[in-house]
file entry.cif (mmCIF, C-alpha atoms)
data_structure
#
loop_
_atom_site.label_atom_id
_atom_site.label_comp_id
_atom_site.auth_asym_id
_atom_site.auth_seq_id
_atom_site.Cartn_x
_atom_site.Cartn_y
_atom_site.Cartn_z
CA SER A 15 -10.78 9.49 5.63
CA GLY A 16 -13.59 10.27 3.22
CA GLY A 17 -16.07 7.88 1.68
CA PHE A 18 -16.38 6.78 -1.92
CA ASP A 19 -19.02 6.26 -4.56
CA ALA A 20 -17.82 2.90 -5.83
CA CYS A 21 -15.03 0.38 -5.40
CA VAL A 22 -13.89 -1.76 -8.32
CA VAL A 23 -11.75 -4.73 -7.32
CA ALA A 24 -9.30 -5.36 -10.17
CA CYS A 25 -6.28 -6.97 -8.51
CA GLY A 26 -5.56 -9.61 -11.13
CA ALA A 27 -3.92 -12.73 -9.75
CA ALA A 28 -3.46 -11.06 -6.36
CA VAL A 29 -7.20 -10.78 -5.73
CA GLY A 30 -6.91 -13.58 -3.19
CA SER A 31 -4.98 -11.21 -0.93
CA ILE A 32 -8.29 -9.47 -0.17
CA ALA A 33 -9.67 -11.30 2.84
CA GLU A 34 -13.33 -11.04 1.85
CA LEU A 35 -12.62 -12.58 -1.55
CA SER A 36 -10.19 -15.25 -0.36
CA ASP A 37 -12.50 -17.04 2.05
CA THR A 38 -13.80 -20.45 0.99
CA SER A 39 -17.32 -19.00 1.14
CA CYS A 40 -16.45 -16.79 -1.84
CA SER A 41 -15.01 -19.07 -4.48
CA LEU A 42 -13.56 -17.21 -7.45
CA PRO A 43 -13.29 -19.54 -10.48
CA LEU A 44 -9.78 -18.38 -11.38
CA SER A 45 -6.59 -20.38 -11.84
CA ASN A 46 -3.28 -18.61 -11.34
CA GLN A 47 -0.51 -19.31 -13.83
CA GLY A 48 3.01 -18.03 -13.32
CA GLY A 49 5.54 -17.38 -16.04
CA HIS A 50 8.90 -15.85 -16.87
CA VAL A 51 9.98 -13.64 -19.77
CA VAL A 52 13.47 -12.54 -20.79
CA GLU A 53 14.83 -9.38 -22.35
CA LEU A 54 17.62 -9.93 -24.86
CA VAL A 55 20.24 -7.41 -25.96
CA PRO A 56 23.23 -7.66 -28.38
CA LYS A 57 26.46 -8.96 -26.90
CA PRO A 58 28.92 -6.29 -25.67
CA GLY A 59 30.94 -4.82 -28.53
CA SER A 60 28.40 -5.87 -31.13
CA CYS A 61 27.89 -3.17 -33.73
CA ALA A 62 24.49 -4.33 -34.85
CA SER A 63 21.54 -6.16 -33.44
CA PRO A 64 20.69 -9.50 -35.08
CA TRP A 65 17.10 -8.26 -35.11
CA ASP A 66 16.12 -5.67 -37.70
CA GLU A 67 14.30 -2.91 -35.83
CA GLN A 68 11.80 -2.71 -38.70
CA SER A 69 10.90 -6.37 -38.34
CA PRO A 70 7.57 -7.32 -36.77
CA GLY A 71 7.29 -9.48 -33.68
CA ILE A 72 6.75 -13.21 -33.83
CA LEU A 73 3.52 -14.56 -32.38
CA GLY A 74 4.05 -18.08 -31.16
CA SER A 75 5.29 -20.20 -28.33
CA PRO A 76 7.56 -18.58 -27.43
CA TYR A 77 6.77 -15.14 -28.80
CA VAL A 78 9.33 -12.47 -29.71
CA ALA A 79 8.42 -8.80 -29.31
CA PRO A 80 10.73 -5.86 -30.18
CA LEU A 81 11.25 -3.35 -27.37
CA GLY A 82 13.22 -0.93 -29.50
CA ALA A 83 16.20 -1.10 -31.83
CA ARG A 84 18.43 -3.23 -29.59
CA ARG A 85 16.15 -5.03 -27.16
CA LEU A 86 13.77 -7.98 -27.53
CA LEU A 87 11.24 -9.53 -25.19
CA VAL A 88 10.87 -13.32 -25.36
CA GLY A 89 8.18 -15.18 -23.44
CA ALA A 90 6.59 -16.79 -21.77
CA THR A 91 6.90 -19.95 -19.76
CA LYS A 92 3.78 -21.53 -18.28
CA GLU A 93 4.13 -22.44 -14.62
CA TYR A 94 0.93 -23.75 -13.08
CA GLY A 95 -0.13 -23.74 -9.47
CA ALA A 96 0.98 -20.20 -8.65
CA GLY A 97 -0.47 -18.60 -5.54
CA VAL A 98 -1.22 -15.14 -4.22
CA SER A 99 2.24 -14.81 -2.71
CA ASP A 100 3.72 -15.49 -6.15
CA ALA A 101 1.57 -12.77 -7.69
CA ARG A 102 2.73 -10.28 -5.08
CA ARG A 103 6.41 -10.89 -5.83
CA ALA A 104 5.97 -10.36 -9.58
CA GLY A 105 8.49 -8.13 -11.32
CA LEU A 106 12.15 -8.04 -12.19
CA VAL A 107 14.20 -11.05 -11.09
CA HIS A 108 17.61 -9.56 -10.32
CA GLY A 109 20.72 -11.02 -11.91
CA TRP A 110 22.71 -12.91 -9.30
CA GLY A 111 19.59 -13.38 -7.21
CA MET A 112 17.86 -15.51 -9.82
CA ASP A 113 16.40 -18.67 -8.39
CA ALA A 114 16.60 -22.03 -10.11
CA ALA A 115 13.19 -21.57 -11.75
CA ALA A 116 14.19 -18.25 -13.31
CA LYS A 117 17.49 -19.62 -14.60
CA LYS A 118 15.76 -22.67 -16.06
CA ALA A 119 13.08 -20.50 -17.68
CA ALA A 120 15.63 -18.12 -19.22
CA HIS A 121 17.63 -20.99 -20.69
CA ALA A 122 14.51 -22.66 -22.12
CA LEU A 123 13.12 -19.45 -23.62
CA VAL A 124 16.36 -18.54 -25.39
CA ALA A 125 16.79 -22.09 -26.69
CA ASP A 126 13.22 -22.31 -28.00
CA ALA A 127 13.24 -18.82 -29.53
CA SER A 128 16.55 -19.55 -31.26
CA VAL A 129 14.92 -22.48 -33.05
CA THR A 130 12.39 -20.04 -34.52
CA TYR A 131 15.00 -17.36 -35.25
CA PRO A 132 18.59 -18.72 -34.99
CA PRO A 133 20.36 -15.29 -34.78
CA LEU A 134 18.91 -14.88 -31.29
CA LYS A 135 21.66 -17.21 -30.10
CA GLY A 136 23.97 -14.24 -30.55
CA MET A 137 22.17 -12.13 -27.93
CA ASP A 138 22.60 -11.93 -24.18
CA VAL A 139 19.94 -12.14 -21.48
CA ASP A 140 19.79 -8.69 -19.88
CA ALA A 141 16.76 -9.16 -17.62
CA VAL A 142 14.38 -11.84 -16.44
CA ARG A 143 10.90 -10.95 -15.25
CA TYR A 144 8.26 -12.99 -13.47
CA GLY A 145 4.52 -12.51 -13.41
CA VAL A 146 1.28 -14.30 -12.65
CA ARG A 147 -1.90 -14.17 -14.68
CA ALA A 148 -5.38 -15.06 -13.44
CA ASN A 149 -6.96 -17.34 -16.01
CA PRO A 150 -10.76 -17.54 -16.26
CA PRO A 151 -12.63 -20.84 -16.60
CA ARG A 152 -13.20 -22.35 -20.03
CA THR A 153 -16.78 -22.09 -21.25
CA PRO A 154 -18.57 -22.92 -24.52
CA ALA A 155 -18.02 -19.25 -25.44
CA GLY A 156 -14.29 -19.46 -24.71
CA SER A 157 -12.13 -18.27 -21.83
CA LEU A 158 -13.67 -14.88 -21.10
CA PRO A 159 -13.06 -12.29 -18.36
CA LEU A 160 -15.36 -12.11 -15.36
CA VAL A 161 -17.24 -8.90 -14.57
CA GLY A 162 -19.97 -8.26 -12.03
CA ARG A 163 -21.22 -6.79 -8.78
CA ILE A 164 -19.88 -8.14 -5.50
CA GLU A 165 -22.85 -9.34 -3.48
CA GLY A 166 -22.91 -9.41 0.31
CA ILE A 167 -20.84 -6.26 0.88
CA GLY A 168 -23.07 -3.42 2.01
CA GLY A 169 -26.82 -3.51 2.05
CA ASP A 170 -26.81 -6.94 3.72
CA GLY A 171 -24.93 -5.83 6.84
CA ASP A 172 -22.31 -3.56 8.28
CA TRP A 173 -19.30 -5.03 6.40
CA ASP A 174 -17.11 -1.96 6.95
CA GLY A 175 -17.86 -1.54 10.64
CA ASP A 176 -18.91 2.13 10.45
CA GLY A 177 -22.36 1.41 11.85
CA ASP A 178 -24.45 2.55 8.90
CA GLY A 179 -24.89 -0.81 7.18
CA ASP A 180 -24.02 0.32 3.66
CA GLY A 181 -20.47 -0.98 3.40
CA ASP A 182 -18.86 2.14 1.95
CA GLY A 183 -17.07 3.37 5.05
CA ASP A 184 -18.50 6.88 5.22
CA GLY A 185 -21.16 6.36 7.88
CA ASP A 186 -23.99 7.95 5.89
CA GLY A 187 -26.05 4.83 5.31
CA SER A 188 -26.28 5.33 1.55
CA ALA A 189 -24.85 3.62 -1.54
CA GLY A 190 -25.58 0.01 -0.58
CA ARG A 191 -24.07 -3.12 -1.98
CA ARG A 192 -24.09 -1.99 -5.60
CA SER A 193 -21.02 0.16 -4.79
CA TRP A 194 -18.75 -2.91 -4.99
CA TRP A 195 -17.70 -4.41 -8.32
CA PHE A 196 -15.33 -7.07 -9.61
CA VAL A 197 -13.22 -7.41 -12.76
CA GLY A 198 -10.86 -10.35 -13.20
CA GLY A 199 -9.77 -13.33 -15.21
CA LEU A 200 -8.28 -11.44 -18.13
CA GLY A 201 -5.64 -14.14 -18.51
CA ALA A 202 -3.15 -13.35 -21.26
CA ARG A 203 -5.45 -10.85 -22.97
CA GLY A 204 -5.36 -7.86 -20.68
CA LEU A 205 -4.26 -5.49 -23.43
CA VAL A 206 -7.08 -6.76 -25.63
CA TYR A 207 -9.90 -6.43 -23.11
CA HIS A 208 -8.91 -3.63 -20.73
CA ALA A 209 -10.50 -0.64 -22.48
CA MET A 210 -13.72 -2.48 -23.32
CA LEU A 211 -14.10 -3.82 -19.79
CA GLY A 212 -13.33 -0.41 -18.32
CA ALA A 213 -16.17 1.13 -20.31
CA ILE A 214 -18.58 -1.66 -19.38
CA VAL A 215 -17.81 -1.43 -15.66
CA ALA A 216 -17.87 2.38 -15.64
CA GLU A 217 -21.35 2.41 -17.15
CA ALA A 218 -22.59 -0.24 -14.71
CA VAL A 219 -21.19 1.70 -11.77
CA MET A 220 -22.65 5.03 -12.89
CA ARG A 221 -26.06 3.46 -13.46
CA GLY A 222 -25.88 1.32 -10.35
CA ASP A 223 -27.14 -1.47 -12.57
CA PRO A 224 -25.18 -4.52 -13.79
CA SER A 225 -27.77 -5.54 -16.38
CA GLY A 226 -25.68 -3.98 -19.17
CA ILE A 227 -22.80 -6.39 -18.56
CA PRO A 228 -22.83 -9.02 -21.35
CA ALA A 229 -24.18 -12.33 -20.08
CA GLU A 230 -21.05 -14.13 -21.31
CA LEU A 231 -18.93 -12.07 -18.90
CA ARG A 232 -21.29 -11.78 -15.96
CA PHE A 233 -20.07 -13.17 -12.65
CA ASP A 234 -21.16 -11.81 -9.28
CA PRO A 235 -18.89 -12.90 -6.43
CA ARG A 236 -20.84 -13.58 -3.25
CA VAL A 237 -19.28 -12.65 0.08
CA VAL A 238 -20.89 -14.59 2.92
CA SER A 239 -20.76 -12.85 6.28
CA THR A 240 -19.69 -14.98 9.23
#
call {"tool": "encode", "arguments": {"input": "entry.cif", "output": "structure tokens"}}
result
Amino acid sequence: SGGFDACVVACGAAVGSIAELSDTSCSLPLSNQGGHVVELVPKPGSCASPWDEQSPGILGSPYVAPLGARRLLVGATKEYGAGVSDARRAGLVHGWGMDAAAKKAAHALVADASVTYPPLKGMDVDAVRYGVRANPPRTPAGSLPLVGRIEGIGGDGDWDGDGDGDGDGDGDGSAGRRSWWFVGGLGARGLVYHAMLGAIVAEAVMRGDPSGIPAELRFDPRVVST
């Protein structure tokens, strides 16, 4: 296979599935938090949805977000202590295969959302989904994403085993460690940060220089060779 100019690791809560970033020598300051959401639809035979399609969503705990004229998303539970294996099974939780946690979460979400908007009691749960977010540490500036260059891959040794010592897998001996980058810890604000972080990382990669990354976001994971 061919080489590459840069590798950006952006695996969210599943980043621990990458061996080099899961070792105790490379401690990522992230905490994984699992959670369920439910999709509600009108009961069979209902002529109208109890939710006006022109109505805005409700921001709260839980939140209610319209997914069209006859479908609502309600979320999310907060389930701490999730691991990498949980992140890798994220997605739709199928009907009769729902585990106890999913059933409990669906019941709690509908009950809590119905307190905020009672007509939701008249809707059925059509789907339950599970996901895991990687939360960043709390700092005086807030809980901010982590962006930086991965140190210790390339330049410092032959991490990729191709014999050239640059870590990019193409055997040409160029590129060096600045070809490896990390973005993570977006928490619940991925849709808020993604475009901004993409632009920041792209510029850093093209320049081969992380100095343009805001200091509040800067975090350079260190991979220690053994």
call {"tool": "resolve_selection", "arguments": {"input": "entry.cif", "expression": "the PyMOL selection byres ((chain A and resi 122) around 12)", "output": "list in words"}}
result
His50, Val51, Val52, Ser75, Pro76, Val88, Gly89, Ala90, Thr91, Lys92, Ala115, Ala116, Lys117, Lys118, Ala119, Ala120, His121, Leu123, Val124, Ala125, Asp126, Ala127, Ser128, Val129 and Val139 of chain A
call {"tool": "closest_residue", "arguments": {"input": "entry.cif", "among": "A:Ile72, A:Glu34, A:Gly226, A:Met112", "to": "Thr130 (chain A)", "atoms": "all atoms listed in the file"}}
result
A:Ile72
call {"tool": "resolve_selection", "arguments": {"input": "entry.cif", "expression": "the PyMOL selection byres ((chain A and resi 20) around 8)", "output": "PyMOL selection string"}}
result
chain A and resi 18-19+21-22+182+192-195+219
call {"tool": "write_last_selection", "arguments": {"input": "entry.cif", "atoms": "C-alpha atoms", "output": "compact mmCIF listing (two decimals), in the frame of the given file"}}
result
# COMPACT_ATOMS: atom_id res chain seq x y z
CA PHE A 18 -16.38 6.78 -1.92
CA ASP A 19 -19.02 6.26 -4.56
CA CYS A 21 -15.03 0.38 -5.40
CA VAL A 22 -13.89 -1.76 -8.32
CA ASP A 182 -18.86 2.14 1.95
CA ARG A 192 -24.09 -1.99 -5.60
CA SER A 193 -21.02 0.16 -4.79
CA TRP A 194 -18.75 -2.91 -4.99
CA TRP A 195 -17.70 -4.41 -8.32
CA VAL A 219 -21.19 1.70 -11.77
call {"tool": "atom_distance", "arguments": {"input": "entry.cif", "atom1": "CA of Leu73 (chain A)", "atom2": "CA of Leu211 (chain A)"}}
result
24.2 Å
call {"tool": "closest_residue", "arguments": {"input": "entry.cif", "among": "A:Arg147, A:Ala24, A:Lys57, A:Ala114", "to": "His208 (chain A)", "atoms": "only C-alpha atoms"}}
result
A:Ala24
call {"tool": "resolve_selection", "arguments": {"input": "entry.cif", "expression": "the PyMOL selection byres ((chain A and resi 25) around 10)", "output": "list in words"}}
result
Val22, Val23, Ala24, Gly26, Ala27, Ala28, Val29, Gly30, Ser31, Ile32, Ala101, Ala148, Phe196, Val197, Gly198 and Gly199 of chain A
call {"tool": "atom_distance", "arguments": {"input": "entry.cif", "atom1": "CA of Ala155 (chain A)", "atom2": "CA of Pro43 (chain A)"}}
result
15.7 Å
call {"tool": "closest_residue", "arguments": {"input": "entry.cif", "among": "A:Arg152, A:Arg103, A:Arg221, A:Lys135", "to": "Val55 (chain A)", "atoms": "all atoms listed in the file"}}
result
A:Lys135
call {"tool": "closest_residue", "arguments": {"input": "entry.cif", "among": "A:Ile164, A:Val78, A:Ala202, A:Ala83", "to": "Gly49 (chain A)", "atoms": "only C-alpha atoms"}}
result
A:Ala202
call {"tool": "closest_residue", "arguments": {"input": "entry.cif", "among": "A:Pro150, A:Gly48, A:Gly105, A:Pro133", "to": "Trp65 (chain A)", "atoms": "all atoms listed in the file"}}
result
A:Pro133
